[in-house]
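Structure below is model-v8.cif: mmCIF, C-alpha atoms (C1' of nucleotides).
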data_model
loop_
_atom_site.label_atom_id
_atom_site.label_comp_id
_atom_site.auth_asym_id
_atom_site.auth_seq_id
_atom_site.Cartn_x
_atom_site.Cartn_y
_atom_site.Cartn_z
CA MET A 26 -15.57 216.61 -30.48
CA SER A 27 -16.38 212.96 -30.46
CA GLY A 28 -15.75 211.29 -33.77
CA LEU A 29 -12.64 209.21 -33.77
CA SER A 30 -11.22 207.25 -36.65
CA ILE A 31 -10.09 203.69 -36.14
CA GLY A 32 -6.50 204.91 -36.32
CA GLN A 33 -7.07 207.40 -33.53
CA VAL A 34 -8.72 204.77 -31.39
CA ALA A 35 -5.84 202.41 -32.06
CA GLU A 36 -3.48 205.11 -30.94
CA ARG A 37 -5.23 205.81 -27.69
CA THR A 38 -6.10 202.26 -26.73
CA GLY A 39 -2.86 200.65 -27.81
CA LEU A 40 -4.76 198.07 -29.82
CA SER A 41 -3.95 197.65 -33.51
CA VAL A 42 -6.53 198.59 -36.12
CA HIS A 43 -6.65 194.92 -37.00
CA THR A 44 -7.50 194.03 -33.45
CA LEU A 45 -10.13 196.75 -33.25
CA ARG A 46 -11.92 195.34 -36.28
CA PHE A 47 -11.49 191.84 -34.90
CA TYR A 48 -12.96 192.81 -31.53
CA GLU A 49 -15.89 194.39 -33.29
CA ARG A 50 -16.56 191.20 -35.24
CA GLU A 51 -16.31 189.31 -31.98
CA GLY A 52 -19.06 191.44 -30.52
CA LEU A 53 -17.04 193.29 -27.92
CA LEU A 54 -18.68 196.66 -28.49
CA THR A 55 -21.77 197.75 -26.63
CA GLN A 56 -23.18 199.51 -29.69
CA PRO A 57 -22.78 199.15 -33.43
CA VAL A 58 -20.01 201.41 -34.62
CA ARG A 59 -21.29 204.33 -36.67
CA ARG A 60 -19.97 204.84 -40.15
CA GLY A 61 -18.85 208.06 -41.77
CA THR A 62 -17.89 208.92 -45.30
CA ALA A 63 -16.98 205.95 -47.38
CA GLY A 64 -18.09 203.55 -44.69
CA HIS A 65 -15.25 204.47 -42.34
CA ARG A 66 -15.80 203.62 -38.71
CA VAL A 67 -16.50 206.51 -36.38
CA TYR A 68 -15.94 205.85 -32.70
CA ASN A 69 -16.83 208.02 -29.73
CA GLN A 70 -15.46 208.35 -26.24
CA ASP A 71 -17.84 205.74 -24.85
CA ASP A 72 -16.43 203.20 -27.25
CA VAL A 73 -12.93 204.02 -26.15
CA ASP A 74 -13.92 203.75 -22.51
CA TRP A 75 -15.59 200.42 -23.07
CA LEU A 76 -12.55 199.16 -24.94
CA GLY A 77 -10.55 200.14 -21.88
CA VAL A 78 -12.73 197.81 -19.83
CA CYS A 79 -12.29 195.04 -22.36
CA ILE A 80 -8.54 195.52 -22.33
CA ARG A 81 -8.40 195.14 -18.59
CA LEU A 82 -10.55 192.08 -18.64
CA ARG A 83 -8.37 190.58 -21.36
CA ALA A 84 -5.19 191.49 -19.52
CA SER A 85 -6.48 189.50 -16.60
CA GLY A 86 -7.18 186.50 -18.79
CA MET A 87 -10.89 186.70 -19.39
CA PRO A 88 -11.59 184.78 -22.62
CA LEU A 89 -13.23 186.65 -25.49
CA PRO A 90 -16.50 184.69 -25.24
CA ASP A 91 -16.90 185.79 -21.63
CA ILE A 92 -16.21 189.40 -22.52
CA ARG A 93 -18.75 189.12 -25.30
CA ARG A 94 -21.30 187.73 -22.88
CA TYR A 95 -20.73 190.57 -20.45
CA THR A 96 -20.89 193.07 -23.31
CA GLU A 97 -24.22 191.64 -24.39
CA LEU A 98 -25.59 192.08 -20.89
CA VAL A 99 -24.44 195.66 -20.80
CA ARG A 100 -25.86 196.25 -24.26
CA ALA A 101 -29.19 194.85 -23.14
CA GLY A 102 -29.44 197.61 -20.56
CA GLN A 103 -30.41 197.57 -16.90
CA GLY A 104 -32.37 194.72 -15.43
CA ASN A 105 -29.82 191.95 -15.71
CA GLU A 106 -27.57 192.90 -12.83
CA VAL A 107 -27.75 189.40 -11.41
CA GLU A 108 -26.25 187.93 -14.55
CA ARG A 109 -23.60 190.61 -14.72
CA LEU A 110 -22.63 189.90 -11.14
CA GLU A 111 -22.43 186.23 -11.98
CA VAL A 112 -19.95 186.92 -14.77
CA LEU A 113 -17.85 189.32 -12.73
CA ARG A 114 -17.75 187.18 -9.63
CA GLY A 115 -16.79 184.19 -11.70
CA HIS A 116 -13.95 186.10 -13.18
CA ARG A 117 -12.88 187.46 -9.81
CA GLU A 118 -12.35 183.90 -8.66
CA ARG A 119 -10.06 183.24 -11.58
CA VAL A 120 -8.17 186.46 -11.00
CA LEU A 121 -7.61 185.58 -7.37
CA ALA A 122 -6.44 182.12 -8.37
CA GLN A 123 -4.01 183.64 -10.84
CA MET A 124 -2.70 186.00 -8.18
CA HIS A 125 -2.08 183.04 -5.98
CA ASP A 126 -0.16 181.30 -8.75
CA LEU A 127 1.91 184.39 -9.38
CA ASP A 128 2.64 184.66 -5.72
CA GLU A 129 3.82 181.08 -5.58
CA CYS A 130 6.05 181.70 -8.54
CA LEU A 131 7.43 184.83 -6.99
CA LYS A 132 8.36 182.88 -3.89
CA LEU A 133 10.10 180.31 -6.04
CA ILE A 134 12.02 182.98 -7.93
CA THR A 135 13.04 184.74 -4.75
CA HIS A 136 14.25 181.48 -3.32
CA LYS A 137 16.28 180.56 -6.39
CA VAL A 138 17.68 184.05 -6.77
CA ALA A 139 18.89 183.92 -3.18
CA ILE A 140 20.64 180.62 -3.86
CA TYR A 141 22.39 181.89 -6.97
CA GLU A 142 23.38 185.14 -5.36
CA GLY A 143 24.74 183.17 -2.45
CA ARG A 144 26.78 181.01 -4.78
CA LEU A 145 28.13 184.05 -6.53
CA GLY A 146 29.01 185.55 -3.17
CA LEU A 147 31.12 182.65 -1.97
CA ARG A 148 32.34 181.56 -5.35
CA ASP A 149 35.00 179.20 -3.90
CA ASN A 150 33.56 176.57 -1.58
CA VAL A 151 30.37 175.89 -3.48
CA PRO A 152 28.36 172.98 -2.15
CA ASP A 153 26.25 171.51 -4.89
CA CYS A 154 22.76 171.73 -3.54
CA ALA A 155 19.50 172.14 -5.39
CA PRO A 156 19.48 173.04 -9.09
CA MET B 29 11.27 154.54 -4.11
CA SER B 30 12.47 156.14 -7.29
CA GLY B 31 11.23 154.62 -10.50
CA LEU B 32 8.03 156.18 -11.68
CA SER B 33 6.12 155.42 -14.83
CA ILE B 34 4.84 158.23 -16.98
CA GLY B 35 1.37 157.49 -15.70
CA GLN B 36 2.45 157.88 -12.10
CA VAL B 37 4.19 161.13 -12.86
CA ALA B 38 1.09 162.36 -14.66
CA GLU B 39 -0.91 161.53 -11.60
CA ARG B 40 1.30 163.38 -9.18
CA THR B 41 2.05 166.41 -11.31
CA GLY B 42 -1.39 166.87 -12.75
CA LEU B 43 0.06 166.97 -16.26
CA SER B 44 -1.26 164.55 -18.87
CA VAL B 45 1.01 161.83 -20.24
CA HIS B 46 0.75 163.63 -23.58
CA THR B 47 2.03 166.80 -22.02
CA LEU B 48 4.83 164.99 -20.24
CA ARG B 49 6.10 163.58 -23.50
CA PHE B 50 5.63 166.96 -25.13
CA TYR B 51 7.62 168.73 -22.41
CA GLU B 52 10.37 166.21 -22.81
CA ARG B 53 10.55 166.85 -26.54
CA GLU B 54 10.63 170.56 -25.76
CA GLY B 55 13.68 170.05 -23.61
CA LEU B 56 12.15 170.85 -20.25
CA LEU B 57 13.91 168.09 -18.35
CA THR B 58 17.30 168.56 -16.74
CA GLN B 59 18.39 165.05 -17.64
CA PRO B 60 17.48 162.53 -20.31
CA VAL B 61 14.71 160.31 -19.03
CA ARG B 62 15.90 156.79 -18.38
CA ARG B 63 14.16 153.93 -20.10
CA GLY B 64 13.05 150.66 -18.59
CA THR B 65 11.70 147.50 -20.13
CA ALA B 66 10.30 147.98 -23.59
CA GLY B 67 11.60 151.50 -23.77
CA HIS B 68 9.18 152.82 -21.16
CA ARG B 69 10.18 156.06 -19.49
CA VAL B 70 11.34 155.82 -15.91
CA TYR B 71 11.24 159.02 -13.90
CA ASN B 72 12.67 159.72 -10.48
CA GLN B 73 11.79 162.17 -7.74
CA ASP B 74 14.16 164.80 -9.09
CA ASP B 75 12.28 164.79 -12.36
CA VAL B 76 9.02 165.25 -10.56
CA ASP B 77 10.46 168.08 -8.49
CA TRP B 78 11.81 169.80 -11.55
CA LEU B 79 8.49 169.42 -13.32
CA GLY B 80 6.98 171.15 -10.30
CA VAL B 81 9.27 174.09 -10.97
CA CYS B 82 8.31 174.09 -14.65
CA ILE B 83 4.64 174.01 -13.75
CA ARG B 84 4.98 177.05 -11.56
CA LEU B 85 6.91 178.92 -14.17
CA ARG B 86 4.30 178.04 -16.77
CA ALA B 87 1.46 178.97 -14.45
CA SER B 88 3.00 182.39 -14.17
CA GLY B 89 3.20 182.73 -17.93
CA MET B 90 6.80 181.94 -18.69
CA PRO B 91 6.94 180.78 -22.32
CA LEU B 92 8.29 177.31 -23.04
CA PRO B 93 11.42 178.60 -24.79
CA ASP B 94 12.39 180.52 -21.67
CA ILE B 95 11.81 177.51 -19.48
CA ARG B 96 13.92 175.48 -21.85
CA ARG B 97 16.68 178.05 -21.67
CA TYR B 98 16.64 177.97 -17.89
CA THR B 99 16.56 174.20 -17.93
CA GLU B 100 19.62 174.15 -20.16
CA LEU B 101 21.49 176.37 -17.74
CA VAL B 102 20.60 174.10 -14.86
CA ARG B 103 21.56 171.06 -16.90
CA ALA B 104 24.92 172.62 -17.67
CA GLY B 105 25.72 172.68 -13.97
CA GLN B 106 27.18 175.35 -11.77
CA GLY B 107 29.11 178.25 -13.15
CA ASN B 108 26.35 180.04 -15.01
CA GLU B 109 24.59 181.66 -12.08
CA VAL B 110 24.74 185.04 -13.75
CA GLU B 111 22.73 183.79 -16.71
CA ARG B 112 20.27 182.02 -14.47
CA LEU B 113 19.74 185.20 -12.50
CA GLU B 114 19.20 187.05 -15.74
CA VAL B 115 16.41 184.67 -16.73
CA LEU B 116 14.77 184.70 -13.32
CA ARG B 117 14.96 188.44 -12.84
CA GLY B 118 13.54 188.95 -16.31
CA HIS B 119 10.64 186.75 -15.46
CA ARG B 120 10.13 188.40 -12.11
CA GLU B 121 9.54 191.66 -13.93
CA ARG B 122 6.84 190.08 -16.01
CA VAL B 123 5.26 188.46 -12.99
CA LEU B 124 5.13 191.79 -11.19
CA ALA B 125 3.63 193.43 -14.26
CA GLN B 126 0.99 190.73 -14.40
CA MET B 127 0.20 191.21 -10.76
CA HIS B 128 -0.29 194.85 -11.43
CA ASP B 129 -2.68 194.08 -14.28
CA LEU B 130 -4.62 191.68 -12.12
CA ASP B 131 -4.83 194.26 -9.40
CA GLU B 132 -6.20 196.82 -11.82
CA CYS B 133 -8.77 194.35 -12.99
CA LEU B 134 -9.73 193.48 -9.47
CA LYS B 135 -10.35 197.14 -8.75
CA LEU B 136 -12.51 197.36 -11.83
CA ILE B 137 -14.51 194.30 -10.83
CA THR B 138 -14.96 195.52 -7.29
CA HIS B 139 -16.17 198.85 -8.60
CA LYS B 140 -18.65 197.31 -11.01
CA VAL B 141 -19.87 194.78 -8.49
CA ALA B 142 -20.59 197.58 -6.06
CA ILE B 143 -22.60 199.40 -8.72
CA TYR B 144 -24.68 196.35 -9.58
CA GLU B 145 -25.24 195.41 -5.98
CA GLY B 146 -26.32 198.94 -5.32
CA ARG B 147 -28.81 198.77 -8.15
CA LEU B 148 -30.14 195.49 -6.88
CA GLY B 149 -30.53 196.96 -3.42
CA LEU B 150 -32.70 199.74 -4.80
CA ARG B 151 -34.79 197.20 -6.64
CA ASP B 152 -35.41 194.88 -3.71
CA ASN B 153 -39.14 195.20 -3.96
CA VAL B 154 -39.16 194.52 -7.66
CA PRO B 155 -39.93 190.81 -8.11
CA ASP B 156 -37.76 190.39 -11.15
CA CYS B 157 -34.44 189.06 -9.93
CA ALA B 158 -33.63 185.51 -8.92
CA PRO B 159 -31.51 184.77 -5.81
"C1'" DG C 5 -4.20 213.64 -62.80
"C1'" DT C 6 -1.71 210.92 -60.03
"C1'" DT C 7 0.24 209.63 -55.85
"C1'" DT C 8 -0.13 208.91 -50.95
"C1'" DG C 9 -2.23 207.44 -46.93
"C1'" DA C 10 -5.96 205.99 -44.26
"C1'" DC C 11 -9.61 203.30 -44.51
"C1'" DC C 12 -12.74 199.16 -46.17
"C1'" DT C 13 -13.99 193.66 -46.59
"C1'" DA C 14 -13.37 188.74 -46.73
"C1'" DG C 15 -10.69 185.50 -45.77
"C1'" DA C 16 -6.14 183.26 -44.97
"C1'" DG C 17 -2.13 182.62 -41.99
"C1'" DT C 18 0.47 182.36 -37.63
"C1'" DC C 19 1.83 181.11 -33.11
"C1'" DG C 20 1.90 178.98 -28.64
"C1'" DG C 21 0.64 175.27 -26.18
"C1'" DC C 22 -1.11 171.59 -25.94
"C1'" DT C 23 -4.03 167.23 -27.40
"C1'" DC C 24 -5.06 163.47 -30.02
"C1'" DT C 25 -4.59 159.54 -33.51
"C1'" DA C 26 -2.79 155.48 -35.70
"C1'" DG C 27 -0.44 151.67 -35.43
"C1'" DC C 28 2.63 149.04 -32.72
"C1'" DT C 29 4.81 146.49 -28.35
"C1'" DT C 30 4.79 144.52 -24.01
"C1'" DC C 31 3.15 142.92 -19.56
"C1'" DT C 32 -0.38 140.96 -16.45
"C1'" DA C 33 -4.50 138.48 -15.49
"C1'" DC C 34 -7.89 135.48 -16.62
"C1'" DG D 8 -3.88 132.28 -25.76
"C1'" DT D 9 -6.26 136.20 -25.48
"C1'" DA D 10 -8.10 140.49 -23.57
"C1'" DG D 11 -7.00 144.75 -21.45
"C1'" DA D 12 -4.08 148.24 -19.68
"C1'" DA D 13 -0.23 150.94 -20.18
"C1'" DG D 14 3.35 152.30 -22.75
"C1'" DC D 15 5.88 153.72 -27.30
"C1'" DT D 16 6.71 156.96 -31.84
"C1'" DA D 17 5.73 160.15 -35.49
"C1'" DG D 18 2.98 163.19 -36.85
"C1'" DA D 19 -1.57 165.49 -37.37
"C1'" DG D 20 -5.12 168.44 -35.35
"C1'" DC D 21 -7.11 171.95 -32.47
"C1'" DC D 22 -8.06 176.28 -30.13
"C1'" DG D 23 -7.67 181.01 -28.83
"C1'" DA D 24 -6.27 185.27 -30.07
"C1'" DC D 25 -4.68 187.72 -32.92
"C1'" DT D 26 -2.26 189.34 -37.47
"C1'" DC D 27 -1.80 189.87 -42.11
"C1'" DT D 28 -2.95 189.88 -47.27
"C1'" DA D 29 -5.25 191.01 -51.46
"C1'" DG D 30 -7.77 193.89 -53.77
"C1'" DG D 31 -10.48 197.90 -53.57
"C1'" DT D 32 -12.50 203.03 -52.27
"C1'" DC D 33 -11.83 207.69 -51.31
"C1'" DA D 34 -9.91 212.48 -50.15
"C1'" DA D 35 -6.37 215.58 -50.01
"C1'" DA D 36 -1.72 217.07 -51.54
"C1'" DC D 37 1.32 217.72 -55.00
#
Please re-express this file's structure in structure tokens.
Amino acid sequence: MSGLSIGQVAERTGLSVHTLRFYEREGLLTQPVRRGTAGHRVYNQDDVDWLGVCIRLRASGMPLPDIRRYTELVRAGQGNEVERLEVLRGHRERVLAQMHDLDECLKLITHKVAIYEGRLGLRDNVPDCAP
Amino acid sequence: MSGLSIGQVAERTGLSVHTLRFYEREGLLTQPVRRGTAGHRVYNQDDVDWLGVCIRLRASGMPLPDIRRYTELVRAGQGNEVERLEVLRGHRERVLAQMHDLDECLKLITHKVAIYEGRLGLRDNVPDCAP
DNA sequence: GTTTGACCTAGAGTCGGCTCTAGCTTCTAC
DNA sequence: GTAGAAGCTAGAGCCGACTCTAGGTCAAAC
């Protein structure tokens, strides 16, 4: 059985039906969505899988135009691996940079948390150090 | 030396002067900015340091309202460590969640890159791909 | 036979986070 | 004394990524 309504896809991807239609307009699907009775969209498992990829890319901050570009390459079929690698490697750089930022922030938080916990611990003779 | 113009602060924080004024309006400074001749803002090192904190929090996705809230707590002075910890721990959760997402994405990228590199390897004698 | 619920389209609205503009002042250097 | 750089305010504009609305179709359940 592979014939999912937009509602079912929304349910299993976690995207809203609005967003699913929006993503389609934005060209984030590797194939045109089939239509059933009354023009209703009919998705299959491949669509859901691909949306899973898109969701991960989005969650890591890839902009929609980049996802569209990658989707187009995939849609075009084999033979453009070099371009696909270009896109993915470019994004990997950004992901690594983000991880670095998050790490920095985590250090900051840990530092501040230690200070505040310290202050709470010795509540009485509090020296006013850093904010 | 402590008496920096907005331009100097922009230079050493990497924020634009527009953004500096915007952040001020948004309440992201722990103290009202002093004014010099002709109403020009005069920052000191503490301001720059605090902006550094804000920048890290922003870079890790903390929304401006949350940064403002934290700033207000700091501005209020000692005695609200519990609330500060609440804010920071809340954000730490989100940072960890983001790291998880990035990690997932990195796995995906690594996987796909391996596939494409593999395909390119098999096609080495096909004169169709640029360096 | 009508109500309910899921779907459709085109297009408008929202929100966060900047970013820029217009019109003005003030200082420094030529 | 005038040109240029840097600053000021209030407010408008922009961009990305959704999110929602209005007005309609259709099938099944009551």
Exercise for the section: Determine the residue membership of the PyMOL selection byres ((chain A and resi 57) around 12) for the file above and supply it as an MDAnalysis selection string. Expected result: chainID A and resid 46 48:56 58:60 66:69 71:72 96:97 100
Handout entry: Residues of chain B within 9 Å of chain C, counting only C-alpha atoms (C1' of nucleotides), as number ranges by chain
Key = B: 46-47, 50, 65-66, 91-92
Practice task
Provide the atom CA of Glu132 of chain B to atom CA of Thr135 of chain A distance in Å, to one decimal place.
Solution key: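 Distance reported for this atom pair: 23.8 Å.
The coordinates place atom C1' of DC15 of chain D at 7.0 Å from atom CA of His68 of chain B.
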Practice task
I need the residue set behind the PyMOL selection byres ((chain D) within 9 of (chain A)) for this file; please write it as a list in words.
Solution key: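 Checked against the file, the PyMOL selection byres ((chain D) within 9 of (chain A)) matches DG23, DA24, DC25, DT26, DC27, DT32 and DC33 of chain D.
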Handout entry: chain A contacts on chain B, all atoms listed in the file, 6 Å, as a PyMOL selection string
Key = chain B and resi 84+88+102+109+130+133+144
Exercise for the section: Mind giving me the straight-line distance from atom CA of Glu39 of chain B to atom CA of Gly105 of chain B in Å, one decimal? Expected result: 29.0 Å
Superposed chain B (ref. Chain A, all C-alpha pairs in order) as a compact mmCIF listing (two decimals) with C-alpha atoms, in the frame of the given file:
# COMPACT_ATOMS: atom_id res chain seq x y z
CA MET B 29 -12.98 215.78 -29.84
CA SER B 30 -14.79 212.56 -30.54
CA GLY B 31 -14.14 210.98 -33.89
CA LEU B 32 -11.25 208.59 -33.81
CA SER B 33 -9.95 206.45 -36.62
CA ILE B 34 -9.16 202.82 -36.01
CA GLY B 35 -5.49 203.72 -36.12
CA GLN B 36 -5.89 206.30 -33.39
CA VAL B 37 -7.81 203.89 -31.23
CA ALA B 38 -5.13 201.27 -31.79
CA GLU B 39 -2.57 203.77 -30.66
CA ARG B 40 -4.33 204.70 -27.47
CA THR B 41 -5.52 201.26 -26.46
CA GLY B 42 -2.43 199.36 -27.41
CA LEU B 43 -4.51 196.91 -29.44
CA SER B 44 -3.65 196.35 -33.09
CA VAL B 45 -6.08 197.46 -35.79
CA HIS B 46 -6.49 193.77 -36.61
CA THR B 47 -7.52 193.06 -33.06
CA LEU B 48 -9.90 195.99 -32.99
CA ARG B 49 -11.73 194.69 -36.02
CA PHE B 50 -11.64 191.21 -34.56
CA TYR B 51 -13.12 192.38 -31.26
CA GLU B 52 -15.85 194.15 -33.13
CA ARG B 53 -16.74 191.00 -35.03
CA GLU B 54 -16.75 189.17 -31.70
CA GLY B 55 -19.33 191.57 -30.38
CA LEU B 56 -17.21 193.30 -27.77
CA LEU B 57 -18.53 196.79 -28.45
CA THR B 58 -21.56 198.20 -26.70
CA GLN B 59 -22.73 199.99 -29.82
CA PRO B 60 -22.28 199.51 -33.55
CA VAL B 61 -19.28 201.48 -34.70
CA ARG B 62 -20.25 204.44 -36.82
CA ARG B 63 -18.81 204.76 -40.28
CA GLY B 64 -17.36 207.84 -41.91
CA THR B 65 -16.26 208.55 -45.44
CA ALA B 66 -15.55 205.46 -47.45
CA GLY B 67 -16.93 203.23 -44.76
CA HIS B 68 -14.09 203.93 -42.34
CA ARG B 69 -14.83 203.21 -38.70
CA VAL B 70 -15.29 206.20 -36.46
CA TYR B 71 -14.88 205.59 -32.75
CA ASN B 72 -15.66 207.89 -29.86
CA GLN B 73 -14.33 208.19 -26.34
CA ASP B 74 -16.97 205.84 -24.96
CA ASP B 75 -15.73 203.13 -27.27
CA VAL B 76 -12.20 203.66 -26.11
CA ASP B 77 -13.29 203.57 -22.48
CA TRP B 78 -15.22 200.39 -23.01
CA LEU B 79 -12.29 198.81 -24.79
CA GLY B 80 -10.27 199.69 -21.69
CA VAL B 81 -12.71 197.63 -19.65
CA CYS B 82 -12.46 194.75 -22.13
CA ILE B 83 -8.68 194.90 -22.00
CA ARG B 84 -8.67 194.59 -18.25
CA LEU B 85 -11.09 191.74 -18.31
CA ARG B 86 -9.00 189.97 -20.93
CA ALA B 87 -5.79 190.65 -19.03
CA SER B 88 -7.33 188.86 -16.09
CA GLY B 89 -8.23 185.88 -18.24
CA MET B 90 -11.90 186.40 -18.94
CA PRO B 91 -12.69 184.48 -22.14
CA LEU B 92 -14.08 186.42 -25.09
CA PRO B 93 -17.51 184.77 -24.90
CA ASP B 94 -17.91 185.98 -21.34
CA ILE B 95 -16.87 189.48 -22.27
CA ARG B 96 -19.35 189.37 -25.11
CA ARG B 97 -22.08 188.26 -22.75
CA TYR B 98 -21.33 191.11 -20.38
CA THR B 99 -21.18 193.52 -23.27
CA GLU B 100 -24.60 192.38 -24.42
CA LEU B 101 -26.03 193.02 -20.98
CA VAL B 102 -24.57 196.50 -20.94
CA ARG B 103 -25.83 197.11 -24.45
CA ALA B 104 -29.31 196.05 -23.41
CA GLY B 105 -29.40 198.88 -20.89
CA GLN B 106 -30.48 198.99 -17.30
CA GLY B 107 -32.69 196.38 -15.78
CA ASN B 108 -30.36 193.40 -15.92
CA GLU B 109 -28.12 194.25 -12.99
CA VAL B 110 -28.65 190.83 -11.49
CA GLU B 111 -27.21 189.13 -14.56
CA ARG B 112 -24.33 191.57 -14.72
CA LEU B 113 -23.51 190.87 -11.10
CA GLU B 114 -23.63 187.18 -11.84
CA VAL B 115 -21.02 187.56 -14.58
CA LEU B 116 -18.77 189.82 -12.54
CA ARG B 117 -18.95 187.76 -9.38
CA GLY B 118 -18.21 184.64 -11.38
CA HIS B 119 -15.16 186.25 -12.80
CA ARG B 120 -14.07 187.58 -9.45
CA GLU B 121 -13.90 184.01 -8.22
CA ARG B 122 -11.60 183.08 -11.04
CA VAL B 123 -9.45 186.13 -10.49
CA LEU B 124 -9.05 185.27 -6.83
CA ALA B 125 -8.19 181.69 -7.72
CA GLN B 126 -5.57 182.94 -10.14
CA MET B 127 -4.12 185.21 -7.52
CA HIS B 128 -3.84 182.26 -5.24
CA ASP B 129 -2.01 180.27 -7.92
CA LEU B 130 0.35 183.14 -8.55
CA ASP B 131 1.01 183.44 -4.87
CA GLU B 132 1.85 179.77 -4.63
CA CYS B 133 4.21 180.11 -7.53
CA LEU B 134 5.83 183.14 -6.03
CA LYS B 135 6.49 181.19 -2.86
CA LEU B 136 8.03 178.42 -4.90
CA ILE B 137 10.25 180.85 -6.79
CA THR B 138 11.33 182.61 -3.64
CA HIS B 139 12.20 179.28 -2.09
CA LYS B 140 14.22 178.11 -5.07
CA VAL B 141 15.94 181.44 -5.49
CA ALA B 142 17.05 181.31 -1.89
CA ILE B 143 18.48 177.83 -2.43
CA TYR B 144 20.43 178.86 -5.52
CA GLU B 145 21.67 182.06 -3.98
CA GLY B 146 22.78 180.08 -0.99
CA ARG B 147 24.70 177.70 -3.21
CA LEU B 148 26.31 180.58 -5.02
CA GLY B 149 27.32 182.12 -1.72
CA LEU B 150 29.13 178.95 -0.73
CA ARG B 151 30.89 178.92 -4.07
CA ASP B 152 32.10 182.51 -4.00
CA ASN B 153 35.71 181.53 -4.32
CA VAL B 154 35.05 179.23 -7.22
CA PRO B 155 35.80 181.20 -10.40
CA ASP B 156 33.10 179.55 -12.45
CA CYS B 157 30.10 181.84 -12.31
CA ALA B 158 29.57 185.03 -14.27
CA PRO B 159 28.08 188.15 -12.60
Could you give me the centre and size, in Å to one decimal, of an axis-aligned box around all listed atoms of segment 28-33 of chain C with 6 Å added on every side, as AutoDock Vina command-line options?
--center_x 0.2 --center_y 143.8 --center_z -24.1 --size_x 21.3 --size_y 22.6 --size_z 29.2
